[in-house]
Amino acid sequence: MSKPIEHDYIGLSEQQLPSMEKSSDKKDGLHLKDTELRLGLPGSESPEREDHDQNVLSLKSFVSGAKRGFSDALDGGGNWVFSGGSGGGTEGLFSPRRGGKNNGGKDLSGSDSGSVLKDGAARKPSVVQEKKPQVAATSSHGNGNIAPASKAQVVGWPPIRSFRKNTMASHPPKNDDGDGNAEAKLGSGCLYVKVSMDGAPYLRKVDLKIYGSYKELSSALEKMFSCFTIGQCGSHGVSGGDGLSESRLIDLLHGSEYVLTYEDKDGDWMLVGDVPWEMFTDSCKRLRIMKSTEAIGLAPRAMEKCKNRT
Amino acid sequence: MIEEEMNLTELDIQENGIDDKGGSWLSCFPESFTSLEVLNFANLSSDINFDALERLVGRCKSMRVLKLNRSVSLEQLQRLLVNAPQLAELGTGSFSEELTFRQYVELESALSNCQNMHTLYGLWDAKGIYLPALYPVCTHLTFLNLSYAALRSDELAKLLAHCPRLKRLWVLDTVEDKGLEAVGLNCPLLEELRVFPADPFDEEIIHGVTEAGFVAVSFGCPRLHYVLYFCRQMTNAAVATIVQNCPDFTHFRLCIMNPGQPDYITNEPMDEAFGAVVKTCTKLQRLSVSGRLTDLTFEYIGRYAKNLETLSVAFAGSSDWGMQCVMGGCSKLRKLEIRDCPFGNAALLSGLEKYESMRSLWMSACNVTMNGCRLLAREMPRLNVEVMKEDGSDDSQADKVYVYRSIAGPRRDAPPSVLTL
């Protein structure tokens, strides 16, 4: 994706470029990054965050540095509105980059902000989308209040300096309050956690609250991910085959090919099954179906089985 | 460079997120080199040669400022501090690894020897349990930057109980309103507060700070004059209370993160909030506005903010009149940056006379057209009027405009996407 480079004011888009490349991987739909072995890390940041890294180009100011564009919310009295890339002397120019995909198209409807579109003319904020980047040139001739109509993530907003954004994104703060509410909880009654499987092109989400035991969770996950495993061991190497055959079903709790692990509140990767179910759902932040070969030290049972087989 | 500078006193690698290739630069300082007073490599992402660093710090007895990067561990920090008790400003490395009890005690002891320390940064990923090691240093601290440490309210409260002299505090909004209450209770000398969002892009997060935290600080810290506050809800009444408690604001930067959000209790625009700010804070130099704002906000600003030098506006205003009020009223305005506002050519041109006395104007995603920019450029030949167009946008729209005075003429190094009219 070369567009951001062309529009880079001074030709210095520093740390934004690597994350742009990352996101173009994502655009292929492969999510290769998500299948990387990442033991011990708190997990990669959400796609939205990466896109933001990409989309906010930090442009250095030009000429003598006497000119200032937008700096932002860190040292040196920069201006918070438009994040700049550098600190100290030269402040970055803000470029509300468009291009890059629409982040989930969340709806900035009135409900959250409480804003009601009192008059007809609503002005859309500059959203991240690939086509027609120009903000809806809707008239605001004396009429409309600025009431953003859609809740898509807005480029370059909130105005956080890119250094801070990158820093926080690569090491997200673990916001654990005292009574143990993991951030996975979106509201009472459901507990959605991400499930990744090594080798699968995308992740899934499951609501842990709807299962009562490890067995139920395991069967559900098997069903969810069976499409990625059928045919992997097949002699003819054709995926899909003729439906699920028993020998292909993975028993995630006791299996030897895959090991089911989870990340707990402290960021550690644990083997599923050791603690009582309720304790598990309280502390589980995300799940990962790991290839046994990767699970050295984590699943001695599995390794035993592997050895026995060969 | 290091090899050539024999009398270097300051090596400060600014916050550029530099991706360095290796840590060997530290070894370039020869053993005879002892003059370094400031060493800041907090933003280097890679590991460094710790032995070289330790020796360097040990022999530079005049070193006052040392800002480490994240790769430096707690144990290594202790070793550095033992040899540098004279440090006035310290940026720690990572503050989160497992320590034995003895290591913890040694760290605490090393820190307590730093009697000159008035500024503390870093504290990356700080774990609450190790914060007490800082208590001995806290008594003299005037600037504490916790904006990379996701602390809870109780952790912050305990820490602040030991920081009575604090003048500047930067935190993450993980401390929540309760944490800010502790600020109000413990730091009566506070002059500057910055609260950064830990999760700025996640709209489903229900944590963070609200108007209550800001109000609590204002009651306890009457000397507050600089604030940067990221929040998800605010009310007009709260802001009015805040500026009543703290009338001396010089820098008021409020970011309600949801664009165009009104007072969440009354559902009205936030006009009266900023009206209160400009009416009460006569010394105001810098203002950043947010939330749902009509032209009334800008009428207030134009009428009252007579000392205003920098103004940042986003997703605000109703018509050209708003910007015209500012251009007409703020006589000391130097820097104006606007995005996503309904200001068009009339607004742009209302500042015709003014731009030469200003540092710069930035307008993006507004209603300014190419013709308007051309007219401005024609009328004011000593201004550089630069337009940056977005791909695929209407030919007549001036997507981004940057205007500044120049006696050197148009710049010659502009990339092709920048047109100087």
# chains A, B, ... in the order shown; residues from 1 in each chain; ligands from 1
>>> residues_around(residues="Phe219 in chain B", least_positions_apart="3", cutoff="8 Å", atoms="only C-alpha atoms", output="PyMOL selection string")
chain B and resi 184+215-216+222+242+245
>>> write_last_selection(atoms="N, CA, C and O atoms", output="PDB file, in the first residue's frame")
ATOM      1  N   GLY B 184      -6.384  14.784  44.665  1.00  0.00           N
ATOM      2  CA  GLY B 184      -6.909  15.970  45.339  1.00  0.00           C
ATOM      3  C   GLY B 184      -6.589  15.977  46.823  1.00  0.00           C
ATOM      4  O   GLY B 184      -6.335  17.019  47.409  1.00  0.00           O
ATOM      5  N   VAL B 215     -13.289  17.065  38.895  1.00  0.00           N
ATOM      6  CA  VAL B 215     -13.819  17.954  39.939  1.00  0.00           C
ATOM      7  C   VAL B 215     -13.107  17.704  41.268  1.00  0.00           C
ATOM      8  O   VAL B 215     -12.740  18.655  41.978  1.00  0.00           O
ATOM      9  N   ALA B 216     -12.889  16.434  41.589  1.00  0.00           N
ATOM     10  CA  ALA B 216     -12.202  16.110  42.853  1.00  0.00           C
ATOM     11  C   ALA B 216     -10.814  16.726  42.893  1.00  0.00           C
ATOM     12  O   ALA B 216     -10.385  17.284  43.917  1.00  0.00           O
ATOM     13  N   PRO B 222      -5.865  23.837  44.235  1.00  0.00           N
ATOM     14  CA  PRO B 222      -6.234  25.164  43.726  1.00  0.00           C
ATOM     15  C   PRO B 222      -5.185  25.800  42.835  1.00  0.00           C
ATOM     16  O   PRO B 222      -5.492  26.724  42.088  1.00  0.00           O
ATOM     17  N   ILE B 242     -15.062  23.308  38.223  1.00  0.00           N
ATOM     18  CA  ILE B 242     -13.611  23.156  38.150  1.00  0.00           C
ATOM     19  C   ILE B 242     -12.925  24.513  38.001  1.00  0.00           C
ATOM     20  O   ILE B 242     -11.951  24.822  38.707  1.00  0.00           O
ATOM     21  N   ASN B 245     -12.931  26.581  41.086  1.00  0.00           N
ATOM     22  CA  ASN B 245     -11.913  26.175  42.053  1.00  0.00           C
ATOM     23  C   ASN B 245     -10.512  26.536  41.599  1.00  0.00           C
ATOM     24  O   ASN B 245      -9.633  26.800  42.412  1.00  0.00           O
TER      25      ASN B 245
END
>>> residues_around(residues="Ala110 in chain B", least_positions_apart="3", cutoff="6 Å", atoms="only C-alpha atoms", output="mmCIF file with N, CA, C and O atoms, in the first residue's frame")
data_model
loop_
_atom_site.group_PDB
_atom_site.id
_atom_site.type_symbol
_atom_site.label_atom_id
_atom_site.label_comp_id
_atom_site.auth_asym_id
_atom_site.auth_seq_id
_atom_site.Cartn_x
_atom_site.Cartn_y
_atom_site.Cartn_z
ATOM 1 N N LEU B 81 21.773 2.646 40.001
ATOM 2 C CA LEU B 81 21.502 3.673 41.014
ATOM 3 C C LEU B 81 22.543 3.678 42.121
ATOM 4 O O LEU B 81 22.855 4.722 42.684
ATOM 5 N N VAL B 82 23.050 2.518 42.409
ATOM 6 C CA VAL B 82 24.057 2.434 43.469
ATOM 7 C C VAL B 82 25.242 3.337 43.134
ATOM 8 O O VAL B 82 25.846 3.956 44.007
ATOM 9 N N LEU B 107 16.920 -2.576 45.985
ATOM 10 C CA LEU B 107 16.396 -1.535 45.102
ATOM 11 C C LEU B 107 15.887 -0.361 45.919
ATOM 12 O O LEU B 107 16.194 0.800 45.634
ATOM 13 N N ASN B 113 18.825 6.424 48.545
ATOM 14 C CA ASN B 113 20.043 7.223 48.553
ATOM 15 C C ASN B 113 19.995 8.390 47.590
ATOM 16 O O ASN B 113 20.873 9.257 47.616
#
>>> select_by_dssp(residues="range 85-308 of chain B", states="strand (DSSP E or B)", output="VMD selection string")
chain B and resid 89 to 91 94 119 to 121 124 143 to 145 168 to 172 192 to 196 226 to 231 251 to 256 286 to 288
>>> select_by_dssp(residues="range 118-251 of chain B", states="helix (DSSP H, G or I)", output="count of residues only")
53
>>> closest_residue(among="B:Lys354, B:Arg55, B:Arg253, B:Arg334", to="chain A", atoms="only C-alpha atoms")
B:Arg253
>>> atom_distance(atom1="CA of Lys389 in chain B", atom2="CA of Asp202 in chain B")
29.4 Å
>>> closest_residue(among="B:Lys332, B:Arg412, B:Arg303, B:Arg378", to="chain A", atoms="only C-alpha atoms")
B:Arg412
>>> closest_residue(among="A:Tyr214, A:Asp266, A:Gly273, A:Val195", to="chain B", atoms="only C-alpha atoms")
A:Asp266
>>> decode(residues="range 270-306 of chain B", atoms="N, CA, C and O atoms", output="PDB file, in the first residue's frame")
ATOM      1  N   MET B 270     -21.778  21.490  24.907  1.00  0.00           N
ATOM      2  CA  MET B 270     -20.824  21.841  25.960  1.00  0.00           C
ATOM      3  C   MET B 270     -20.415  23.311  25.886  1.00  0.00           C
ATOM      4  O   MET B 270     -19.374  23.690  26.444  1.00  0.00           O
ATOM      5  N   ASP B 271     -21.220  24.107  25.237  1.00  0.00           N
ATOM      6  CA  ASP B 271     -20.874  25.524  25.080  1.00  0.00           C
ATOM      7  C   ASP B 271     -20.609  26.209  26.415  1.00  0.00           C
ATOM      8  O   ASP B 271     -19.641  26.966  26.559  1.00  0.00           O
ATOM      9  N   GLU B 272     -21.480  25.965  27.368  1.00  0.00           N
ATOM     10  CA  GLU B 272     -21.345  26.695  28.629  1.00  0.00           C
ATOM     11  C   GLU B 272     -20.093  26.292  29.393  1.00  0.00           C
ATOM     12  O   GLU B 272     -19.538  27.085  30.162  1.00  0.00           O
ATOM     13  N   ALA B 273     -19.660  25.063  29.185  1.00  0.00           N
ATOM     14  CA  ALA B 273     -18.429  24.626  29.852  1.00  0.00           C
ATOM     15  C   ALA B 273     -17.263  25.494  29.412  1.00  0.00           C
ATOM     16  O   ALA B 273     -16.540  26.079  30.229  1.00  0.00           O
ATOM     17  N   PHE B 274     -17.075  25.576  28.110  1.00  0.00           N
ATOM     18  CA  PHE B 274     -15.946  26.356  27.626  1.00  0.00           C
ATOM     19  C   PHE B 274     -16.183  27.848  27.799  1.00  0.00           C
ATOM     20  O   PHE B 274     -15.223  28.622  27.924  1.00  0.00           O
ATOM     21  N   GLY B 275     -17.437  28.219  27.826  1.00  0.00           N
ATOM     22  CA  GLY B 275     -17.747  29.607  28.157  1.00  0.00           C
ATOM     23  C   GLY B 275     -17.236  29.932  29.555  1.00  0.00           C
ATOM     24  O   GLY B 275     -16.589  30.969  29.780  1.00  0.00           O
ATOM     25  N   ALA B 276     -17.502  29.021  30.483  1.00  0.00           N
ATOM     26  CA  ALA B 276     -17.030  29.232  31.856  1.00  0.00           C
ATOM     27  C   ALA B 276     -15.508  29.305  31.895  1.00  0.00           C
ATOM     28  O   ALA B 276     -14.925  30.133  32.609  1.00  0.00           O
ATOM     29  N   VAL B 277     -14.869  28.451  31.126  1.00  0.00           N
ATOM     30  CA  VAL B 277     -13.403  28.444  31.122  1.00  0.00           C
ATOM     31  C   VAL B 277     -12.857  29.799  30.682  1.00  0.00           C
ATOM     32  O   VAL B 277     -12.017  30.399  31.345  1.00  0.00           O
ATOM     33  N   VAL B 278     -13.353  30.299  29.569  1.00  0.00           N
ATOM     34  CA  VAL B 278     -12.761  31.538  29.048  1.00  0.00           C
ATOM     35  C   VAL B 278     -13.173  32.758  29.858  1.00  0.00           C
ATOM     36  O   VAL B 278     -12.424  33.738  29.951  1.00  0.00           O
ATOM     37  N   LYS B 279     -14.356  32.689  30.468  1.00  0.00           N
ATOM     38  CA  LYS B 279     -14.758  33.840  31.276  1.00  0.00           C
ATOM     39  C   LYS B 279     -13.958  33.911  32.571  1.00  0.00           C
ATOM     40  O   LYS B 279     -13.589  34.987  33.043  1.00  0.00           O
ATOM     41  N   THR B 280     -13.706  32.742  33.149  1.00  0.00           N
ATOM     42  CA  THR B 280     -13.067  32.717  34.469  1.00  0.00           C
ATOM     43  C   THR B 280     -11.540  32.754  34.395  1.00  0.00           C
ATOM     44  O   THR B 280     -10.879  33.368  35.234  1.00  0.00           O
ATOM     45  N   CYS B 281     -11.008  32.071  33.414  1.00  0.00           N
ATOM     46  CA  CYS B 281      -9.553  31.929  33.366  1.00  0.00           C
ATOM     47  C   CYS B 281      -8.952  32.972  32.447  1.00  0.00           C
ATOM     48  O   CYS B 281      -8.663  32.710  31.272  1.00  0.00           O
ATOM     49  N   THR B 282      -8.712  34.099  32.976  1.00  0.00           N
ATOM     50  CA  THR B 282      -8.270  35.226  32.168  1.00  0.00           C
ATOM     51  C   THR B 282      -6.843  35.050  31.667  1.00  0.00           C
ATOM     52  O   THR B 282      -6.436  35.702  30.717  1.00  0.00           O
ATOM     53  N   LYS B 283      -6.114  34.138  32.299  1.00  0.00           N
ATOM     54  CA  LYS B 283      -4.733  33.955  31.862  1.00  0.00           C
ATOM     55  C   LYS B 283      -4.611  32.860  30.814  1.00  0.00           C
ATOM     56  O   LYS B 283      -3.514  32.453  30.462  1.00  0.00           O
ATOM     57  N   LEU B 284      -5.717  32.395  30.322  1.00  0.00           N
ATOM     58  CA  LEU B 284      -5.690  31.231  29.442  1.00  0.00           C
ATOM     59  C   LEU B 284      -4.875  31.485  28.180  1.00  0.00           C
ATOM     60  O   LEU B 284      -5.164  32.410  27.414  1.00  0.00           O
ATOM     61  N   GLN B 285      -3.882  30.619  27.952  1.00  0.00           N
ATOM     62  CA  GLN B 285      -3.060  30.762  26.747  1.00  0.00           C
ATOM     63  C   GLN B 285      -3.382  29.687  25.725  1.00  0.00           C
ATOM     64  O   GLN B 285      -3.203  29.860  24.535  1.00  0.00           O
ATOM     65  N   ARG B 286      -3.784  28.542  26.220  1.00  0.00           N
ATOM     66  CA  ARG B 286      -3.964  27.437  25.306  1.00  0.00           C
ATOM     67  C   ARG B 286      -5.241  26.700  25.637  1.00  0.00           C
ATOM     68  O   ARG B 286      -5.493  26.370  26.789  1.00  0.00           O
ATOM     69  N   LEU B 287      -6.026  26.448  24.623  1.00  0.00           N
ATOM     70  CA  LEU B 287      -7.328  25.803  24.831  1.00  0.00           C
ATOM     71  C   LEU B 287      -7.557  24.749  23.763  1.00  0.00           C
ATOM     72  O   LEU B 287      -7.324  24.989  22.579  1.00  0.00           O
ATOM     73  N   SER B 288      -7.976  23.572  24.202  1.00  0.00           N
ATOM     74  CA  SER B 288      -8.411  22.544  23.259  1.00  0.00           C
ATOM     75  C   SER B 288      -9.822  22.160  23.651  1.00  0.00           C
ATOM     76  O   SER B 288     -10.059  21.775  24.797  1.00  0.00           O
ATOM     77  N   VAL B 289     -10.716  22.240  22.709  1.00  0.00           N
ATOM     78  CA  VAL B 289     -12.130  22.003  23.004  1.00  0.00           C
ATOM     79  C   VAL B 289     -12.579  20.679  22.431  1.00  0.00           C
ATOM     80  O   VAL B 289     -11.953  20.125  21.529  1.00  0.00           O
ATOM     81  N   SER B 290     -13.670  20.178  22.952  1.00  0.00           N
ATOM     82  CA  SER B 290     -14.224  18.930  22.438  1.00  0.00           C
ATOM     83  C   SER B 290     -15.665  18.825  22.885  1.00  0.00           C
ATOM     84  O   SER B 290     -16.160  19.654  23.637  1.00  0.00           O
ATOM     85  N   GLY B 291     -16.317  17.764  22.426  1.00  0.00           N
ATOM     86  CA  GLY B 291     -17.720  17.609  22.757  1.00  0.00           C
ATOM     87  C   GLY B 291     -18.576  18.320  21.730  1.00  0.00           C
ATOM     88  O   GLY B 291     -18.085  18.910  20.776  1.00  0.00           O
ATOM     89  N   ARG B 292     -19.884  18.291  21.962  1.00  0.00           N
ATOM     90  CA  ARG B 292     -20.768  18.960  20.995  1.00  0.00           C
ATOM     91  C   ARG B 292     -20.746  20.453  21.260  1.00  0.00           C
ATOM     92  O   ARG B 292     -21.053  20.898  22.364  1.00  0.00           O
ATOM     93  N   LEU B 293     -20.365  21.195  20.263  1.00  0.00           N
ATOM     94  CA  LEU B 293     -20.217  22.643  20.436  1.00  0.00           C
ATOM     95  C   LEU B 293     -20.880  23.381  19.286  1.00  0.00           C
ATOM     96  O   LEU B 293     -20.706  23.027  18.130  1.00  0.00           O
ATOM     97  N   THR B 294     -21.601  24.411  19.611  1.00  0.00           N
ATOM     98  CA  THR B 294     -22.184  25.253  18.561  1.00  0.00           C
ATOM     99  C   THR B 294     -21.321  26.504  18.411  1.00  0.00           C
ATOM    100  O   THR B 294     -20.296  26.655  19.078  1.00  0.00           O
ATOM    101  N   ASP B 295     -21.779  27.408  17.567  1.00  0.00           N
ATOM    102  CA  ASP B 295     -21.051  28.653  17.383  1.00  0.00           C
ATOM    103  C   ASP B 295     -20.938  29.450  18.678  1.00  0.00           C
ATOM    104  O   ASP B 295     -20.041  30.280  18.827  1.00  0.00           O
ATOM    105  N   LEU B 296     -21.825  29.198  19.585  1.00  0.00           N
ATOM    106  CA  LEU B 296     -21.816  29.951  20.845  1.00  0.00           C
ATOM    107  C   LEU B 296     -20.482  29.811  21.578  1.00  0.00           C
ATOM    108  O   LEU B 296     -19.955  30.778  22.132  1.00  0.00           O
ATOM    109  N   THR B 297     -19.942  28.608  21.560  1.00  0.00           N
ATOM    110  CA  THR B 297     -18.615  28.411  22.172  1.00  0.00           C
ATOM    111  C   THR B 297     -17.615  29.401  21.598  1.00  0.00           C
ATOM    112  O   THR B 297     -16.836  30.010  22.330  1.00  0.00           O
ATOM    113  N   PHE B 298     -17.659  29.551  20.301  1.00  0.00           N
ATOM    114  CA  PHE B 298     -16.655  30.401  19.656  1.00  0.00           C
ATOM    115  C   PHE B 298     -16.953  31.875  19.864  1.00  0.00           C
ATOM    116  O   PHE B 298     -16.037  32.708  19.893  1.00  0.00           O
ATOM    117  N   GLU B 299     -18.224  32.190  20.056  1.00  0.00           N
ATOM    118  CA  GLU B 299     -18.541  33.569  20.443  1.00  0.00           C
ATOM    119  C   GLU B 299     -17.894  33.884  21.781  1.00  0.00           C
ATOM    120  O   GLU B 299     -17.285  34.930  21.973  1.00  0.00           O
ATOM    121  N   TYR B 300     -18.053  32.928  22.704  1.00  0.00           N
ATOM    122  CA  TYR B 300     -17.450  33.114  24.024  1.00  0.00           C
ATOM    123  C   TYR B 300     -15.933  33.261  23.903  1.00  0.00           C
ATOM    124  O   TYR B 300     -15.312  34.123  24.517  1.00  0.00           O
ATOM    125  N   ILE B 301     -15.346  32.391  23.123  1.00  0.00           N
ATOM    126  CA  ILE B 301     -13.887  32.424  23.000  1.00  0.00           C
ATOM    127  C   ILE B 301     -13.432  33.761  22.431  1.00  0.00           C
ATOM    128  O   ILE B 301     -12.517  34.404  22.948  1.00  0.00           O
ATOM    129  N   GLY B 302     -14.100  34.191  21.379  1.00  0.00           N
ATOM    130  CA  GLY B 302     -13.720  35.463  20.759  1.00  0.00           C
ATOM    131  C   GLY B 302     -13.895  36.638  21.702  1.00  0.00           C
ATOM    132  O   GLY B 302     -13.109  37.579  21.703  1.00  0.00           O
ATOM    133  N   ARG B 303     -14.927  36.528  22.542  1.00  0.00           N
ATOM    134  CA  ARG B 303     -15.225  37.664  23.405  1.00  0.00           C
ATOM    135  C   ARG B 303     -14.348  37.725  24.644  1.00  0.00           C
ATOM    136  O   ARG B 303     -13.991  38.792  25.118  1.00  0.00           O
ATOM    137  N   TYR B 304     -14.001  36.544  25.184  1.00  0.00           N
ATOM    138  CA  TYR B 304     -13.342  36.533  26.492  1.00  0.00           C
ATOM    139  C   TYR B 304     -11.885  36.087  26.505  1.00  0.00           C
ATOM    140  O   TYR B 304     -11.134  36.456  27.386  1.00  0.00           O
ATOM    141  N   ALA B 305     -11.512  35.263  25.555  1.00  0.00           N
ATOM    142  CA  ALA B 305     -10.177  34.658  25.648  1.00  0.00           C
ATOM    143  C   ALA B 305      -9.125  35.570  25.057  1.00  0.00           C
ATOM    144  O   ALA B 305      -8.534  35.283  24.017  1.00  0.00           O
ATOM    145  N   LYS B 306      -8.876  36.664  25.748  1.00  0.00           N
ATOM    146  CA  LYS B 306      -8.036  37.700  25.175  1.00  0.00           C
ATOM    147  C   LYS B 306      -6.564  37.374  25.216  1.00  0.00           C
ATOM    148  O   LYS B 306      -5.755  37.997  24.549  1.00  0.00           O
TER     149      LYS B 306
END
